[in-house]
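Inspection log for the structure reproduced underneath, given as structure tokens.
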Amino acid sequence: MFTDFFYLLRKKGVPVTVTEWVSFIEALYKGYFQSSLNHLYYVGRAFLVKSEAFYDMFDQAFQEYFGGIKTEGPELDKVLEWLENPLHRLPKMTPEEIAEFQQKLEAFKKEHNMDELMKQFMERLKEQKERHDGGAKWIGTGGTSPFGAYGYHPGGIRIGGESWMQSAAKVAEERRFRNYRNDIILDVRQTKMALKKLRELKREGAQEELDIDETIDKTAKEGGEIELIFNRSRENTVRIILLMDTGGSMLPYTELCERLFSAASQMEHFKEFKYYFFHNCIYQDVYEDIANYKRVPTEKLFSQFHKGYKVVLVGDARMAYSELFDVNGCIDYFSSNDKPGIEWLIKIKQHFPHSVWLNPTHKNFWGHYTVDTIGKVFPMFELTLDGLKDAIKALTSKAKPSALN
Amino acid sequence: MVTGQGYKGSEDYIASKPLMEIVNVSIALGKPLVIKGEPGTGKTLLAHSISNALNKKLLIWNIKSTTKAKDGLYVYDTVQRLNDARFKDKDISDIRQYIKMGKLGQAFKSDEQVVLLIDEIDKADVEFPNDLLNELDEMSFHIPELDEEVKAKHRPVVIITSNSEKELPDAFLRRCVFHYIEFPDEEMMEKIVRVHYADIENKLLREAIKRFYWIRDVDGLRKKPSTSELIDWIKALMIGGISTDKIASEIPFLGAILKNEQDTSRFIRLSQAQGGGFGFKRRF
């Protein structure tokens with residue numbers, strides 16, 4: 001029962017597991033959904049979806065499976081099939097009940113002129129297109145609508161009829177949870193959550209944990225005179241350097257970068273957090289403060305920070321060929337560089353083996369010469385929540401993230 | 001069938017219908033219920049409300065960043081025992097007196113079904129929920145020091161809240177029922193405010209709520225005001241005897257809603273940029 005819904009959910013990207021599906025089916029058989037689409041939507045979702053990030057995908061699957069009844073045209077066949085064959089949607093019915101139900105359904109069909117029904121149906125569809133208010137007129141589900149041909153009563157069981165805040169199909173259709181999707185927005189809080197994964201626990205700070213083994217050892221050595229040994233608790237030792245591109249082509253992504261930046265700077269989670277800016281590409285200087293052109297020699301980063309620092313570069317990596325490969329290729333007319341940008345980038349990668357590049361542009365637009373080249377120096381990830389997670393995985397893995405080649 | 005009995009919200013807590021159903025189903029199936037949502041959507045209060053409505057004792061396990069899963073089961077006070085051994089002023093042979101049950105242990109040992117609230121589980125280490133997997137699944141745990149099994153006499157109703165500071169592990173979530181409490185809509189919010197101020201004037205309430213949602217809608221706020229800010233603000237408005245018209249034309253006690261200087265200045269800047277009127281991004 002419903003198994004195709006399971007596959008549909010998975011197809012839409014909801015990571016439903018068999019364990020969850022079995023619990024769901026169990027609840028279904030125990031009658032907790034009361035064969036109402038509303039129960040199925042809310043309670044079913046509670047069983048099958050474990051993060052609001054997937055609510056949108058659930059809504060889409062739900063809409064496709066149960067609500068595919070609002071569109072005209074080719075969908076109509078599906079609707080009719082759906083109305084004709086409601087039995088497989090009914091949980092918990094004995095064969096007698098099913099027989100009785102079928103009987104009633106037949107009677108219902110006889111009683112109502114099918115042609116007339118079809119005509120009304122088409123009208124409703126049109127209306128539905130204009131205002132999706134669910135409620136009593138929702139085709140196939142509404143209690144007062146003669147179209148809700150499934151349920152314990154052939155007249156249809158209600159969806160909007162109960163005093164639910166909104167009908168499930170409408171909620172699903174509205175896709176209110178779109179903003180919670182992982183692959184779309186990156187807000188400060190979510191970014192912080194992702195950044196929290198960036199950690200390396202080491203024993204540091206005050207000694208406050210009792211070390212039982214050591215205590216016993218020591219006590220035994222002292223001949224029974226009890227000696228309590230305390231240990232340091234573990235702390236995050238991650239040190240981060242953020243290098244951000246503020247070039248003109250980055251303008252559309254300013255807000256996105258600001259979010260990443262404010263998330264990272266608000267975190268009291270890192271041992272150290274440093275940030276510098278650059279313009280399109282990195283040369284002998286980076287900027288501490290881009291508005292005032294306050295410079296810091298890039299060399300100083302190497303002398304000041306050891307190789308344990310993790311470096312995150314943010315930029316679109318898209319620039320003129322000369323900016324990356326030429327001496328004096330720097331875009332700023334007042335600046336000159338005696339080494340091409342690519343050399344500096346390689347130097348950074350060599351000094352800080354744990355470094356990644358976050359690109360705010362979509363992966364589809366990475367097919368550019370300088371993007372490709374930089375992607376060979378630093379492992380490159382999209383600046384999305386998913387991309388950030390992958391980047392963090394790369395940064396924290398024991399092996400160095402994909403080396404230079 | 002669940003409806004008609006079970007949890008239906010309580011006097012001082014307005015639960016949405018879906019949430020009530022989910023609470024009932026998770027109680028019936030004995031599965032922990034994980035509640036997520038913005039601050040101020042009443043995640044913690046839910047457990048209090050269930051406990052009140054079903055007349056069951058509530059045990060609260062507040063999670064902190066240093067909380068370990070074992071703390072919830074039991075604590076073996078080794079330091080105390082060592083100390084007692086050293087000064088020989090107590091009989092230390094009975095290890096039982098040094099084993100203290102944690103909240104989960106208490107919930108299991110209770111003679112009647114209790115509601116156990118594991119509050120803000122995401123505050124703890126990322127591995128924390130995984131350490132509780134088996135205990136919550138089997139509703140039992142083993143105390144090696146006593147070689148004893150503590151098994152739940154009655155499966156407690158387990159409510160777990162999370163602020164999504166950290167994501168919870170999949171293996172853990174798979175065993176739970178999950179619900180994300182959406183920020184209440186205006187209609188719901190009216191009911192919620194009425195729980196706090198039953199005799200509030202209709203017009204004032206409507207206007208205040210209208211304003212509140214409109215401020216929430218301002219783009220780029222660092223901290224969106226939540227229910228508790230609205231409640232405080234309405235209290236301030238009532239005490240200050242502010243007229244409804246005034247709420248419509250300006251926003252008195254803005255500080256009760258926006259508690260962060262950047263948000264306040266952003267809000268003021270945006271409204272001034274619109275020629276003094278609050279005409280940006282109108283919703284109403």
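Chains: A, B, ... in order of the structure tokens. Residues: from 1 per chain. Ligands: from 1, in order shown.
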So that I can check the surroundings of Asn163 in chain B, please list as a PDB file with C-alpha atoms, in the first residue's frame every protein, DNA and RNA residue that reaches within 10 Å of it, counting only C-alpha atoms and ignoring chain neighbours fewer than 5 positions away.
```pdb
ATOM      1  CA  ILE B  35       9.923  19.371  18.101  1.00  0.00           C
ATOM      2  CA  LYS B  36      11.779  22.005  16.141  1.00  0.00           C
ATOM      3  CA  GLY B  37      10.882  25.603  15.399  1.00  0.00           C
ATOM      4  CA  GLU B  38      11.817  29.236  15.761  1.00  0.00           C
ATOM      5  CA  PRO B  39      12.423  30.524  19.276  1.00  0.00           C
ATOM      6  CA  LYS B  43       8.381  24.074  21.927  1.00  0.00           C
ATOM      7  CA  ASP B 119      15.031  20.367  26.340  1.00  0.00           C
ATOM      8  CA  GLU B 120      17.321  21.866  23.699  1.00  0.00           C
ATOM      9  CA  ILE B 121      19.032  18.643  22.770  1.00  0.00           C
ATOM     10  CA  ASP B 122      21.032  20.462  20.111  1.00  0.00           C
ATOM     11  CA  LYS B 123      22.990  22.339  22.770  1.00  0.00           C
TER      12      LYS B 123
END
```
What are the nearest atom pairs, with distances in Å to one decimal, for all residues of chain B that come at most 9 Å from chain A, using only C-alpha atoms, set out by chain and rising residue number as a tab-separated table?
```
residue	atom	partner	partner_atom	distance
B:Met1	CA	A:Gly31	CA	6.0
B:Val2	CA	A:Tyr32	CA	6.5
B:Thr3	CA	A:Tyr32	CA	8.7
B:Ser16	CA	A:Met165	CA	7.8
B:Lys17	CA	A:Trp164	CA	6.3
B:Pro18	CA	A:Tyr42	CA	5.8
B:Leu19	CA	A:Tyr42	CA	8.1
B:Glu21	CA	A:Val43	CA	6.9
B:Ile22	CA	A:Val43	CA	5.5
B:Val25	CA	A:Tyr32	CA	6.7
B:Leu29	CA	A:Ala27	CA	7.6
B:Leu33	CA	A:Ala46	CA	8.8
B:Val34	CA	A:Lys50	CA	8.6
B:Lys36	CA	A:Glu52	CA	8.4
B:Gly37	CA	A:Glu52	CA	9.0
B:Thr78	CA	A:Ile212	CA	8.4
B:Val79	CA	A:Leu228	CA	8.0
B:Leu82	CA	A:Ile226	CA	7.2
B:Asn83	CA	A:Ile226	CA	7.9
B:Ala85	CA	A:Ile226	CA	8.9
B:Arg86	CA	A:Ile226	CA	6.7
B:Val126	CA	A:Lys197	CA	8.5
B:Ser164	CA	A:Met193	CA	7.5
B:Glu165	CA	A:Met193	CA	5.4
B:Lys166	CA	A:Met193	CA	5.5
B:Glu167	CA	A:Met193	CA	7.4
B:Asp170	CA	A:Lys50	CA	8.1
B:Leu173	CA	A:Lys50	CA	6.2
B:Arg174	CA	A:Glu20	CA	6.0
B:Arg175	CA	A:Glu20	CA	7.4
B:Cys176	CA	A:Phe47	CA	7.5
B:Val177	CA	A:Phe47	CA	5.2
B:Phe178	CA	A:Ala46	CA	4.6
B:His179	CA	A:Ala46	CA	5.4
B:Tyr180	CA	A:Glu52	CA	6.3
B:Arg222	CA	A:Val188	CA	8.2
```
Q: Per DSSP on the backbone, filter range 277-370 of chain A down to the residues in alpha helix (DSSP H) and report them as a list in words.
A: Thr298, Glu299, Lys300, Leu301, Phe302, Ser303, Gln304, Tyr321, Ser322, Glu323, Leu324, Phe325, Gly341, Ile342, Glu343, Trp344, Leu345, Ile346, Lys347, Ile348, Lys349, Gln350, His351, Tyr369 and Thr370 of chain A
Any idea what's packed within 7 Å of Met250 in chain A, counting only C-alpha atoms, ignoring anything in its chain fewer than 4 positions away? Could you give it as a JSON list (two decimals) with N, CA and C atoms, in the first residue's frame?
```json
[["chain", "number", "residue", "atom", "x", "y", "z"],
["A", 245, "ASP", "N", 36.57, 37.76, -1.83],
["A", 245, "ASP", "CA", 36.65, 38.58, -3.04],
["A", 245, "ASP", "C", 35.59, 39.68, -2.95],
["A", 246, "THR", "N", 35.99, 40.92, -3.21],
["A", 246, "THR", "CA", 35.01, 41.99, -3.21],
["A", 246, "THR", "C", 34.95, 42.64, -4.58],
["A", 254, "THR", "N", 26.91, 39.93, -2.86],
["A", 254, "THR", "CA", 27.33, 40.60, -1.63],
["A", 254, "THR", "C", 26.55, 40.10, -0.43],
["A", 315, "GLY", "N", 34.92, 33.54, -3.61],
["A", 315, "GLY", "CA", 34.97, 34.40, -4.79],
["A", 315, "GLY", "C", 34.40, 33.67, -5.98],
["A", 316, "ASP", "N", 34.13, 34.42, -7.04],
["A", 316, "ASP", "CA", 33.56, 33.75, -8.22],
["A", 316, "ASP", "C", 34.66, 33.18, -9.12]]
```
Q | Residues near Met189 in chain B, cut-off 12 Å, only C-alpha atoms, skip fewer than 4 positions along chain, as a VMD selection string | A | chain B and resid 13 to 16 40 to 42 182 to 185 193 to 196 205 to 206 208 to 210 212 to 213 226 to 228 230 to 231
